[in-house]
Amino acid sequence: MTQLQPGGTVGVVGVGTMGSGIAQTATLAGHPVVMVDAVPGRADDAVRAVRGQLDRLAARGRLEEPVALAAGSRLTAADDLTALAGASLVIEAAAESLEVKNSLFATLESIVSQDCVLATNTSSLSVSAIAAPLRRPGRLVGMHFFNPAQVMRLVEVISGLDTDPRVAEWVAGTARAWGKVPIQVASTPGFVVNRVARPFYGEALRALEERAGDPATLDAVMRESGGFRMGPLELTDLIGQDVNQAANRSVWEAFGHDPRYAPSLAQRQLVDAGRLGRKSGRGFYVHDGSPPPSPATAAASPAPAEVIVEGDWGPWEPLWERLAGTGIAVRRATDSPAGSATAGPAATAPSPAGAVARMDQVLLVPTSGRTATQEAVERGRPTVVLDLARDPATTARWAVAASDGCPPAALAEAIGMLQACGAEVTVLDDVPGLLVARTAAMLVNEAADVAGRGVADAAAVDAAMELGANHPQGPLTWGDAIGARRLVELLDTVGAHHGDGRYRACSTLRRAALTGRPLRTL
Ligand code: NAD
């Protein structure tokens with residue numbers, strides 16, 4: 001038996017936001033569903049609410065009316081766990097407390113049959129700890145749905161130390177039959193999505209504290225250059241600063257206060273001030289219906305007549321193809337060693353990847369983690385550092401930083417060149433690794449660590465981040481496009497700048513950088 005049999009009864013315990021969505025999913029898959037809640041009458045209300053939801057789907061033509069009616073009729077409500085005696089699968093979505101979950105499963109174990117599978121929708125507790133007091137801990141597994149559960153396709157199937165692999169397979173098969181995409185995960189803090197997503201918020205929060213830019217600017221860069229559907233700071237306003245902070249802190253604490261996950265002071269100040277985001281009317285943004293503030297965008301600048309491009313531009317390479325036909329002469333200086341072409345002796349110091357673009361008054365280099373000021377001092381010329389864009393061939397915005405003391409006309413030359421390919425340009429303050437590149441490096445690093453430590457395999461990690469966090473691309477696929485060697489170099493350089501251990505590359509990423517093994521094969 002590889003999955004819950006058709007007609008098998010599903011119990012859902014705790015019928016709030018998640019329990020209701022799970023019940024809707026299970027009944028639409030054809031199962032009788034018994035909904036139970038500790039608050040008397042709440043299960044009745046939830047059954048009515050799910051039926052109402054099914055009716056609305058039918059009214060909008062998203063479901064056949066008889067299908068919605070039949071699904072609604074398979075739902076029953078109970079105020080007592082004994083109603084679950086005939087269930088083949090019980091999914092718990094009650095309060096996020098180990099005591100509550102331990103006590104619930106202890107009671108359930110004395111009610112359900114020997115072969116009933118027990119699943120918990122916990123988002124942060126250890127599945128091993130939830131299972132530990134059970135007489136048969138092997139039958140308990142994490143079944144982590146994402147909100148809204150009836151819509152989001154990802155289900156993390158989480159095995160604790162004692163979970164029977166056949167139970168995890170059975171639950172994954174069941175989730176697949178329900179139209180979900182299950183991934184197998186070993187129970188570790190944050191599982192996959194809630195762990196790998198941390199740097200998405202963490203790096204933007206840190207860049208804000210470093211005054212790289214204001215929230216609207218950082219969000220615009222992450223959307224329009226990084227390719228994310230929402231910027232990290234606006235997303236924390238939507239999630240709730242308190243809720244996002246709790247998730248950040250829970251992973252940080254579970255990993256023994258590892259600086260990789262260190263919580264943000266800027267976020268704590270918001271929470272302390274009651275600026276929780278949309279739900280309180282104010283967070284990083286004011287939510288009163290007024291239009292959001294505009295991102296910092298550079299004014300139009302004239303394009304240079306000629307750019308001399310040297311060295312290996314790696315993932316930035318399509319930028320040069322994009323400039324063809326804009327009237328700017330792009331000359332490749334492939335034969336000359338980096339730095340030897342034009343300027344004085346200091347200009348012979350190559351960037352680590354040897355990539356530089358020379359214009360009349362300014363040098364442009366892709367970020368390797370060094371600040372523009374460091375580059376300029378070593379090269380003896382005003383320098384602008386270019387952030388990574390997810391897709392340089394189409395990006396709508398480039399982020400740059402200029403070296404301290406860079407003359408405005410020199411910066412304008414670099415801006416004009418980037419604008420010539422039809423993109424907006426944002427000038428950030430000169431922080432190491434800028435924003436998109438260092439966020440990418442930290443996301444890939446976390447994903448590689450998760451895969452390298454066997455928490456989940458590479459394909460599962462990528463699928464999890466696309467389906468569970470709405471990222472436009474799995475981090476390991478993105479990492480292969482950027483190159484592990486380049487990412488390690490960036491982490492080492494940014495890490496040396498800060499010196500707090502936050503940016504240390506994991507062993508798996510370092511090994512991939514040495515051997516060239518694709519991260520997607522981890
Ligand atoms: P919720 O507050 O909306 O609903 C919880 C429900 O459980 C309430 O109706 C409450 O009365 C009931 N309950 C509490 N203790 C109970 C008990 N001992 N027995 C029976 N019912 C009990 O919460 P939620 O957001 O649906 O979260 C439920 C679980 O799912 C938590 O473990 C949470 O961490 C997890 N989760 C939440 C999300 C999310 O985005 N909300 C996502 C994934 C997982």
# chains A, B, ... in the order shown; residues from 1 in each chain; ligands from 1

call {"tool": "residues_near_ligand", "arguments": {"ligand": "ligand 1", "cutoff": "6 Å", "atoms": "only C-alpha atoms and all ligand atoms", "output": "PDB file with N, CA, C and O atoms, in the first residue's frame"}}
result
ATOM      1  N   VAL A  13      -7.096  17.703  12.928  1.00  0.00           N
ATOM      2  CA  VAL A  13      -7.232  18.210  14.299  1.00  0.00           C
ATOM      3  C   VAL A  13      -6.675  19.628  14.371  1.00  0.00           C
ATOM      4  O   VAL A  13      -5.492  19.843  14.078  1.00  0.00           O
ATOM      5  N   GLY A  14      -7.534  20.561  14.764  1.00  0.00           N
ATOM      6  CA  GLY A  14      -7.153  21.975  14.732  1.00  0.00           C
ATOM      7  C   GLY A  14      -7.602  22.510  13.385  1.00  0.00           C
ATOM      8  O   GLY A  14      -6.987  22.209  12.357  1.00  0.00           O
ATOM      9  N   VAL A  15      -8.714  23.256  13.377  1.00  0.00           N
ATOM     10  CA  VAL A  15      -9.312  23.616  12.082  1.00  0.00           C
ATOM     11  C   VAL A  15      -9.303  25.128  11.882  1.00  0.00           C
ATOM     12  O   VAL A  15     -10.282  25.733  11.485  1.00  0.00           O
ATOM     13  N   GLY A  16      -8.156  25.735  12.161  1.00  0.00           N
ATOM     14  CA  GLY A  16      -7.965  27.161  11.879  1.00  0.00           C
ATOM     15  C   GLY A  16      -7.577  27.343  10.416  1.00  0.00           C
ATOM     16  O   GLY A  16      -8.062  26.621   9.530  1.00  0.00           O
ATOM     17  N   THR A  17      -6.673  28.274  10.178  1.00  0.00           N
ATOM     18  CA  THR A  17      -6.247  28.602   8.812  1.00  0.00           C
ATOM     19  C   THR A  17      -5.782  27.354   8.062  1.00  0.00           C
ATOM     20  O   THR A  17      -6.255  27.053   6.960  1.00  0.00           O
ATOM     21  N   MET A  18      -4.832  26.635   8.664  1.00  0.00           N
ATOM     22  CA  MET A  18      -4.210  25.520   7.948  1.00  0.00           C
ATOM     23  C   MET A  18      -5.124  24.300   7.908  1.00  0.00           C
ATOM     24  O   MET A  18      -5.284  23.673   6.859  1.00  0.00           O
ATOM     25  N   GLY A  19      -5.723  23.956   9.054  1.00  0.00           N
ATOM     26  CA  GLY A  19      -6.580  22.768   9.117  1.00  0.00           C
ATOM     27  C   GLY A  19      -7.714  22.860   8.103  1.00  0.00           C
ATOM     28  O   GLY A  19      -8.051  21.863   7.442  1.00  0.00           O
ATOM     29  N   ASP A  37     -11.835  20.215  16.644  1.00  0.00           N
ATOM     30  CA  ASP A  37     -11.127  21.346  17.244  1.00  0.00           C
ATOM     31  C   ASP A  37     -11.397  21.355  18.740  1.00  0.00           C
ATOM     32  O   ASP A  37     -12.429  20.858  19.205  1.00  0.00           O
ATOM     33  N   ALA A  38     -10.461  21.923  19.509  1.00  0.00           N
ATOM     34  CA  ALA A  38     -10.611  21.956  20.968  1.00  0.00           C
ATOM     35  C   ALA A  38     -11.683  22.962  21.392  1.00  0.00           C
ATOM     36  O   ALA A  38     -12.281  22.816  22.465  1.00  0.00           O
ATOM     37  N   VAL A  39     -11.921  23.979  20.579  1.00  0.00           N
ATOM     38  CA  VAL A  39     -12.915  24.996  20.940  1.00  0.00           C
ATOM     39  C   VAL A  39     -14.287  24.510  20.483  1.00  0.00           C
ATOM     40  O   VAL A  39     -14.484  24.281  19.281  1.00  0.00           O
ATOM     41  N   ALA A  93      -3.112  20.082  12.958  1.00  0.00           N
ATOM     42  CA  ALA A  93      -2.764  21.471  12.621  1.00  0.00           C
ATOM     43  C   ALA A  93      -3.255  22.359  13.758  1.00  0.00           C
ATOM     44  O   ALA A  93      -3.944  23.351  13.541  1.00  0.00           O
ATOM     45  N   ALA A  94      -2.912  21.954  14.991  1.00  0.00           N
ATOM     46  CA  ALA A  94      -3.332  22.700  16.192  1.00  0.00           C
ATOM     47  C   ALA A  94      -2.249  23.718  16.544  1.00  0.00           C
ATOM     48  O   ALA A  94      -1.398  24.045  15.718  1.00  0.00           O
ATOM     49  N   ALA A  95      -2.279  24.182  17.784  1.00  0.00           N
ATOM     50  CA  ALA A  95      -1.351  25.244  18.182  1.00  0.00           C
ATOM     51  C   ALA A  95       0.106  24.778  18.060  1.00  0.00           C
ATOM     52  O   ALA A  95       0.421  23.597  18.252  1.00  0.00           O
ATOM     53  N   GLU A  96       1.000  25.737  17.743  1.00  0.00           N
ATOM     54  CA  GLU A  96       2.426  25.419  17.548  1.00  0.00           C
ATOM     55  C   GLU A  96       3.120  25.357  18.903  1.00  0.00           C
ATOM     56  O   GLU A  96       3.865  26.260  19.307  1.00  0.00           O
ATOM     57  N   VAL A 100       1.279  20.931  23.558  1.00  0.00           N
ATOM     58  CA  VAL A 100      -0.042  20.686  22.961  1.00  0.00           C
ATOM     59  C   VAL A 100       0.031  19.484  22.029  1.00  0.00           C
ATOM     60  O   VAL A 100      -0.806  18.571  22.083  1.00  0.00           O
ATOM     61  N   LEU A 104      -1.820  15.889  22.466  1.00  0.00           N
ATOM     62  CA  LEU A 104      -2.787  15.476  21.441  1.00  0.00           C
ATOM     63  C   LEU A 104      -2.472  14.088  20.890  1.00  0.00           C
ATOM     64  O   LEU A 104      -3.353  13.231  20.809  1.00  0.00           O
ATOM     65  N   ASN A 121       1.457  19.088  11.101  1.00  0.00           N
ATOM     66  CA  ASN A 121       1.734  20.202  10.181  1.00  0.00           C
ATOM     67  C   ASN A 121       2.657  21.237  10.835  1.00  0.00           C
ATOM     68  O   ASN A 121       2.702  22.385  10.404  1.00  0.00           O
ATOM     69  N   THR A 122       3.383  20.825  11.857  1.00  0.00           N
ATOM     70  CA  THR A 122       4.259  21.805  12.529  1.00  0.00           C
ATOM     71  C   THR A 122       5.152  22.536  11.527  1.00  0.00           C
ATOM     72  O   THR A 122       5.627  21.945  10.561  1.00  0.00           O
ATOM     73  N   SER A 123       5.380  23.833  11.785  1.00  0.00           N
ATOM     74  CA  SER A 123       6.272  24.555  10.877  1.00  0.00           C
ATOM     75  C   SER A 123       7.651  24.754  11.477  1.00  0.00           C
ATOM     76  O   SER A 123       8.577  25.150  10.766  1.00  0.00           O
ATOM     77  N   PHE A 145       2.303  21.577   5.133  1.00  0.00           N
ATOM     78  CA  PHE A 145       1.631  22.304   4.053  1.00  0.00           C
ATOM     79  C   PHE A 145       2.006  23.777   4.151  1.00  0.00           C
ATOM     80  O   PHE A 145       2.412  24.260   5.198  1.00  0.00           O
ATOM     81  N   PHE A 146       1.797  24.498   3.064  1.00  0.00           N
ATOM     82  CA  PHE A 146       2.069  25.939   3.044  1.00  0.00           C
ATOM     83  C   PHE A 146       0.754  26.694   2.878  1.00  0.00           C
ATOM     84  O   PHE A 146      -0.225  26.153   2.365  1.00  0.00           O
ATOM     85  N   ASN A 147       0.739  27.893   3.350  1.00  0.00           N
ATOM     86  CA  ASN A 147      -0.478  28.693   3.425  1.00  0.00           C
ATOM     87  C   ASN A 147      -0.705  29.490   2.134  1.00  0.00           C
ATOM     88  O   ASN A 147       0.212  30.214   1.726  1.00  0.00           O
TER      89      ASN A 147
END

call {"tool": "residues_around", "arguments": {"residues": "Leu276 of chain A", "least_positions_apart": "6", "cutoff": "8 Å", "atoms": "only C-alpha atoms", "output": "list in words"}}
result
Asp237, Gly240, Gln241, Asp242, Leu270, Arg282 and Gly283 of chain A

call {"tool": "write_last_selection", "arguments": {"atoms": "C-alpha atoms", "output": "PDB file, in the first residue's frame"}}
result
ATOM      1  CA  ASP A 237       5.263  43.752   5.950  1.00  0.00           C
ATOM      2  CA  GLY A 240       3.925  40.556   9.738  1.00  0.00           C
ATOM      3  CA  GLN A 241       7.194  41.777  11.251  1.00  0.00           C
ATOM      4  CA  ASP A 242       6.479  39.815  14.444  1.00  0.00           C
ATOM      5  CA  LEU A 270       9.832  47.803  14.198  1.00  0.00           C
ATOM      6  CA  ARG A 282       2.617  50.489   9.249  1.00  0.00           C
ATOM      7  CA  GLY A 283       5.859  48.545   8.974  1.00  0.00           C
TER       8      GLY A 283
END

call {"tool": "closest_atom_pairs", "arguments": {"of": "segment 203-279 of chain A", "to": "segment 502-505 of chain A", "cutoff": "9 Å", "atoms": "only C-alpha atoms", "output": "CSV"}}
result
residue,atom,partner,partner_atom,distance
A:Asp258,CA,A:Arg502,CA,7.7
A:Pro259,CA,A:Arg502,CA,4.8
A:Arg260,CA,A:Arg502,CA,4.1
A:Tyr261,CA,A:Arg502,CA,7.5
A:Ala262,CA,A:Arg502,CA,8.0

call {"tool": "write_last_selection", "arguments": {"atoms": "all heavy atoms", "output": "mmCIF file, in the first residue's frame"}}
result
data_model
loop_
_atom_site.group_PDB
_atom_site.id
_atom_site.type_symbol
_atom_site.label_atom_id
_atom_site.label_comp_id
_atom_site.auth_asym_id
_atom_site.auth_seq_id
_atom_site.Cartn_x
_atom_site.Cartn_y
_atom_site.Cartn_z
ATOM 1 N N ASP A 258 23.961 30.810 15.479
ATOM 2 C CA ASP A 258 24.881 30.913 14.340
ATOM 3 C C ASP A 258 24.721 32.303 13.704
ATOM 4 O O ASP A 258 23.608 32.705 13.368
ATOM 5 C CB ASP A 258 24.508 29.818 13.323
ATOM 6 C CG ASP A 258 25.512 29.701 12.192
ATOM 7 O OD1 ASP A 258 26.050 30.744 11.765
ATOM 8 O OD2 ASP A 258 25.740 28.570 11.727
ATOM 9 N N PRO A 259 25.847 33.049 13.502
ATOM 10 C CA PRO A 259 25.737 34.410 12.939
ATOM 11 C C PRO A 259 25.117 34.449 11.545
ATOM 12 O O PRO A 259 24.672 35.493 11.094
ATOM 13 C CB PRO A 259 27.199 34.902 12.906
ATOM 14 C CG PRO A 259 28.041 33.697 13.090
ATOM 15 C CD PRO A 259 27.223 32.694 13.837
ATOM 16 N N ARG A 260 25.092 33.287 10.857
ATOM 17 C CA ARG A 260 24.456 33.218 9.536
ATOM 18 C C ARG A 260 22.999 33.672 9.598
ATOM 19 O O ARG A 260 22.460 34.183 8.630
ATOM 20 C CB ARG A 260 24.493 31.767 9.072
ATOM 21 C CG ARG A 260 24.875 31.623 7.642
ATOM 22 C CD ARG A 260 25.571 30.342 7.399
ATOM 23 N NE ARG A 260 24.701 29.179 7.348
ATOM 24 C CZ ARG A 260 25.165 27.941 7.229
ATOM 25 N NH1 ARG A 260 26.463 27.741 7.179
ATOM 26 N NH2 ARG A 260 24.362 26.921 7.166
ATOM 27 N N TYR A 261 22.366 33.404 10.750
ATOM 28 C CA TYR A 261 20.929 33.701 10.876
ATOM 29 C C TYR A 261 20.669 34.830 11.868
ATOM 30 O O TYR A 261 19.542 35.005 12.324
ATOM 31 C CB TYR A 261 20.162 32.459 11.341
ATOM 32 C CG TYR A 261 20.552 31.185 10.646
ATOM 33 C CD1 TYR A 261 21.336 30.226 11.289
ATOM 34 C CD2 TYR A 261 20.147 30.936 9.340
ATOM 35 C CE1 TYR A 261 21.704 29.052 10.654
ATOM 36 C CE2 TYR A 261 20.509 29.764 8.701
ATOM 37 C CZ TYR A 261 21.289 28.831 9.367
ATOM 38 O OH TYR A 261 21.645 27.676 8.736
ATOM 39 N N ALA A 262 21.712 35.584 12.239
ATOM 40 C CA ALA A 262 21.569 36.578 13.305
ATOM 41 C C ALA A 262 20.387 37.502 13.044
ATOM 42 O O ALA A 262 20.229 38.018 11.929
ATOM 43 C CB ALA A 262 22.851 37.392 13.428
#

call {"tool": "residues_around", "arguments": {"residues": "segment 154-165 of chain A", "least_positions_apart": "6", "cutoff": "7 Å", "atoms": "only C-alpha atoms", "output": "ChimeraX atom specification"}}
result
/A:127-128,137-146,172,180-187,464,467-468

call {"tool": "residues_around", "arguments": {"residues": "Val67 of chain A", "least_positions_apart": "6", "cutoff": "12 Å", "atoms": "only C-alpha atoms", "output": "list in words"}}
result
Thr27, Leu28, Ala29, Gly30, Arg51, Leu54, Asp55, Leu57, Ala58, Gly61, Ser73 and Arg74 of chain A

call {"tool": "write_last_selection", "arguments": {"atoms": "N, CA, C and O atoms", "output": "tab-separated table (two decimals), in the first residue's frame"}}
result
chain	number	residue	atom	x	y	z
A	27	THR	N	-10.87	16.51	1.11
A	27	THR	CA	-12.22	16.13	0.67
A	27	THR	C	-12.32	16.23	-0.85
A	27	THR	O	-12.97	15.41	-1.50
A	28	LEU	N	-11.63	17.20	-1.45
A	28	LEU	CA	-11.65	17.30	-2.92
A	28	LEU	C	-10.95	16.11	-3.55
A	28	LEU	O	-11.22	15.77	-4.70
A	29	ALA	N	-10.06	15.46	-2.79
A	29	ALA	CA	-9.38	14.25	-3.31
A	29	ALA	C	-10.27	13.02	-3.10
A	29	ALA	O	-9.85	11.91	-3.43
A	30	GLY	N	-11.46	13.23	-2.53
A	30	GLY	CA	-12.42	12.12	-2.45
A	30	GLY	C	-12.53	11.44	-1.11
A	30	GLY	O	-13.23	10.43	-0.98
A	51	ARG	N	-17.36	24.52	3.18
A	51	ARG	CA	-18.44	24.32	2.18
A	51	ARG	C	-18.69	25.62	1.43
A	51	ARG	O	-18.90	25.62	0.21
A	54	LEU	N	-16.10	26.01	-1.14
A	54	LEU	CA	-16.34	25.11	-2.29
A	54	LEU	C	-17.45	25.69	-3.17
A	54	LEU	O	-17.36	25.66	-4.41
A	55	ASP	N	-18.50	26.25	-2.54
A	55	ASP	CA	-19.60	26.87	-3.31
A	55	ASP	C	-19.07	28.01	-4.15
A	55	ASP	O	-19.45	28.18	-5.32
A	57	LEU	N	-16.06	28.44	-5.28
A	57	LEU	CA	-15.26	27.90	-6.39
A	57	LEU	C	-16.18	27.43	-7.52
A	57	LEU	O	-15.90	27.65	-8.71
A	58	ALA	N	-17.32	26.80	-7.14
A	58	ALA	CA	-18.28	26.33	-8.15
A	58	ALA	C	-18.92	27.53	-8.85
A	58	ALA	O	-19.06	27.53	-10.09
A	61	GLY	N	-16.92	28.88	-11.49
A	61	GLY	CA	-16.60	27.94	-12.56
A	61	GLY	C	-15.29	27.20	-12.37
A	61	GLY	O	-14.80	26.55	-13.29
A	73	SER	N	-20.26	17.37	1.21
A	73	SER	CA	-21.01	16.36	1.98
A	73	SER	C	-20.09	15.36	2.66
A	73	SER	O	-20.51	14.63	3.55
A	74	ARG	N	-18.84	15.30	2.24
A	74	ARG	CA	-17.89	14.36	2.88
A	74	ARG	C	-17.29	14.92	4.17
A	74	ARG	O	-16.53	14.26	4.85

call {"tool": "select_by_dssp", "arguments": {"residues": "segment 393-480 of chain A", "states": "strand (DSSP E)", "output": "JSON, numbers by chain"}}
result
{"A": [397, 398, 399, 400, 401, 402, 424, 425, 426, 427]}

call {"tool": "closest_residue", "arguments": {"among": "A:Asn445, A:Asn194, A:Thr297, A:Thr174", "to": "Ala399 of chain A", "atoms": "only C-alpha atoms"}}
result
A:Thr297

call {"tool": "select_by_dssp", "arguments": {"residues": "segment 47-201 of chain A", "states": "helix (DSSP H, G or I)", "output": "PyMOL selection string"}}
result
chain A and resi 47-59+65-73+81-84+98-109+127-131+137-139+165-177+193-196+198-201

call {"tool": "closest_residue", "arguments": {"among": "A:Ser88, A:Ser280, A:Gln3, A:Gln473", "to": "Val112 of chain A", "atoms": "only C-alpha atoms"}}
result
A:Ser88

call {"tool": "atom_distance", "arguments": {"atom1": "atom CA of Ala78 of chain A", "atom2": "atom CA of Pro66 of chain A"}}
result
24.8 Å

call {"tool": "residues_around", "arguments": {"residues": "Ala372 of chain A", "least_positions_apart": "3", "cutoff": "8 Å", "atoms": "only C-alpha atoms", "output": "list in words"}}
result
Glu375, Ala376, Thr383, Val384, Val385, Ala401, Ala402, Ser403, Asp404 and Asp430 of chain A

call {"tool": "write_last_selection", "arguments": {"atoms": "C-alpha atoms", "output": "mmCIF file, in the first residue's frame"}}
result
data_model
loop_
_atom_site.group_PDB
_atom_site.id
_atom_site.type_symbol
_atom_site.label_atom_id
_atom_site.label_comp_id
_atom_site.auth_asym_id
_atom_site.auth_seq_id
_atom_site.Cartn_x
_atom_site.Cartn_y
_atom_site.Cartn_z
ATOM 1 C CA GLU A 375 38.608 48.554 -6.369
ATOM 2 C CA ALA A 376 39.216 52.260 -7.065
ATOM 3 C CA THR A 383 35.307 52.699 -10.218
ATOM 4 C CA VAL A 384 31.683 51.595 -10.289
ATOM 5 C CA VAL A 385 30.754 48.112 -9.103
ATOM 6 C CA ALA A 401 27.748 51.502 -6.302
ATOM 7 C CA ALA A 402 30.402 54.137 -6.919
ATOM 8 C CA SER A 403 33.749 54.459 -5.173
ATOM 9 C CA ASP A 404 34.052 57.171 -2.543
ATOM 10 C CA ASP A 430 29.080 51.182 -1.513
#

call {"tool": "residues_around", "arguments": {"residues": "Thr477 of chain A", "least_positions_apart": "4", "cutoff": "12 Å", "atoms": "only C-alpha atoms", "output": "PyMOL selection string"}}
result
chain A and resi 390+440+443-444+447-448+458-463+465-466+471-473+481-484+518-522

call {"tool": "residues_around", "arguments": {"residues": "His257 of chain A", "least_positions_apart": "5", "cutoff": "12 Å", "atoms": "only C-alpha atoms", "output": "ChimeraX atom specification"}}
result
/A:248-252,262-263,501-502

call {"tool": "closest_residue", "arguments": {"among": "A:Met359, A:Val286, A:Ala131, A:Val90", "to": "Gly11 of chain A", "atoms": "only C-alpha atoms"}}
result
A:Val90

call {"tool": "closest_residue", "arguments": {"among": "A:Leu514, A:Val193, A:Met442, A:Ala333", "to": "Gly495 of chain A", "atoms": "only C-alpha atoms"}}
result
A:Met442

call {"tool": "closest_atom_pairs", "arguments": {"of": "segment 378-489 of chain A", "to": "segment 323-332 of chain A", "cutoff": "8 Å", "atoms": "only C-alpha atoms", "output": "tab-separated table"}}
result
residue	atom	partner	partner_atom	distance
A:Met417	CA	A:Ile328	CA	7.9
A:Ala420	CA	A:Thr326	CA	6.4
A:Cys421	CA	A:Leu323	CA	5.5

call {"tool": "atom_distance", "arguments": {"atom1": "atom CA of Ala437 of chain A", "atom2": "atom CA of Leu388 of chain A"}}
result
5.0 Å

call {"tool": "atom_distance", "arguments": {"atom1": "atom CA of Leu411 of chain A", "atom2": "atom CA of Pro382 of chain A"}}
result
8.2 Å

call {"tool": "closest_residue", "arguments": {"among": "A:Pro407, A:Pro189, A:Pro295, A:Gly86", "to": "Ser124 of chain A", "atoms": "only C-alpha atoms"}}
result
A:Pro189

call {"tool": "closest_residue", "arguments": {"among": "A:Pro215, A:Pro432, A:Pro366, A:Gly405", "to": "Pro315 of chain A", "atoms": "only C-alpha atoms"}}
result
A:Pro366
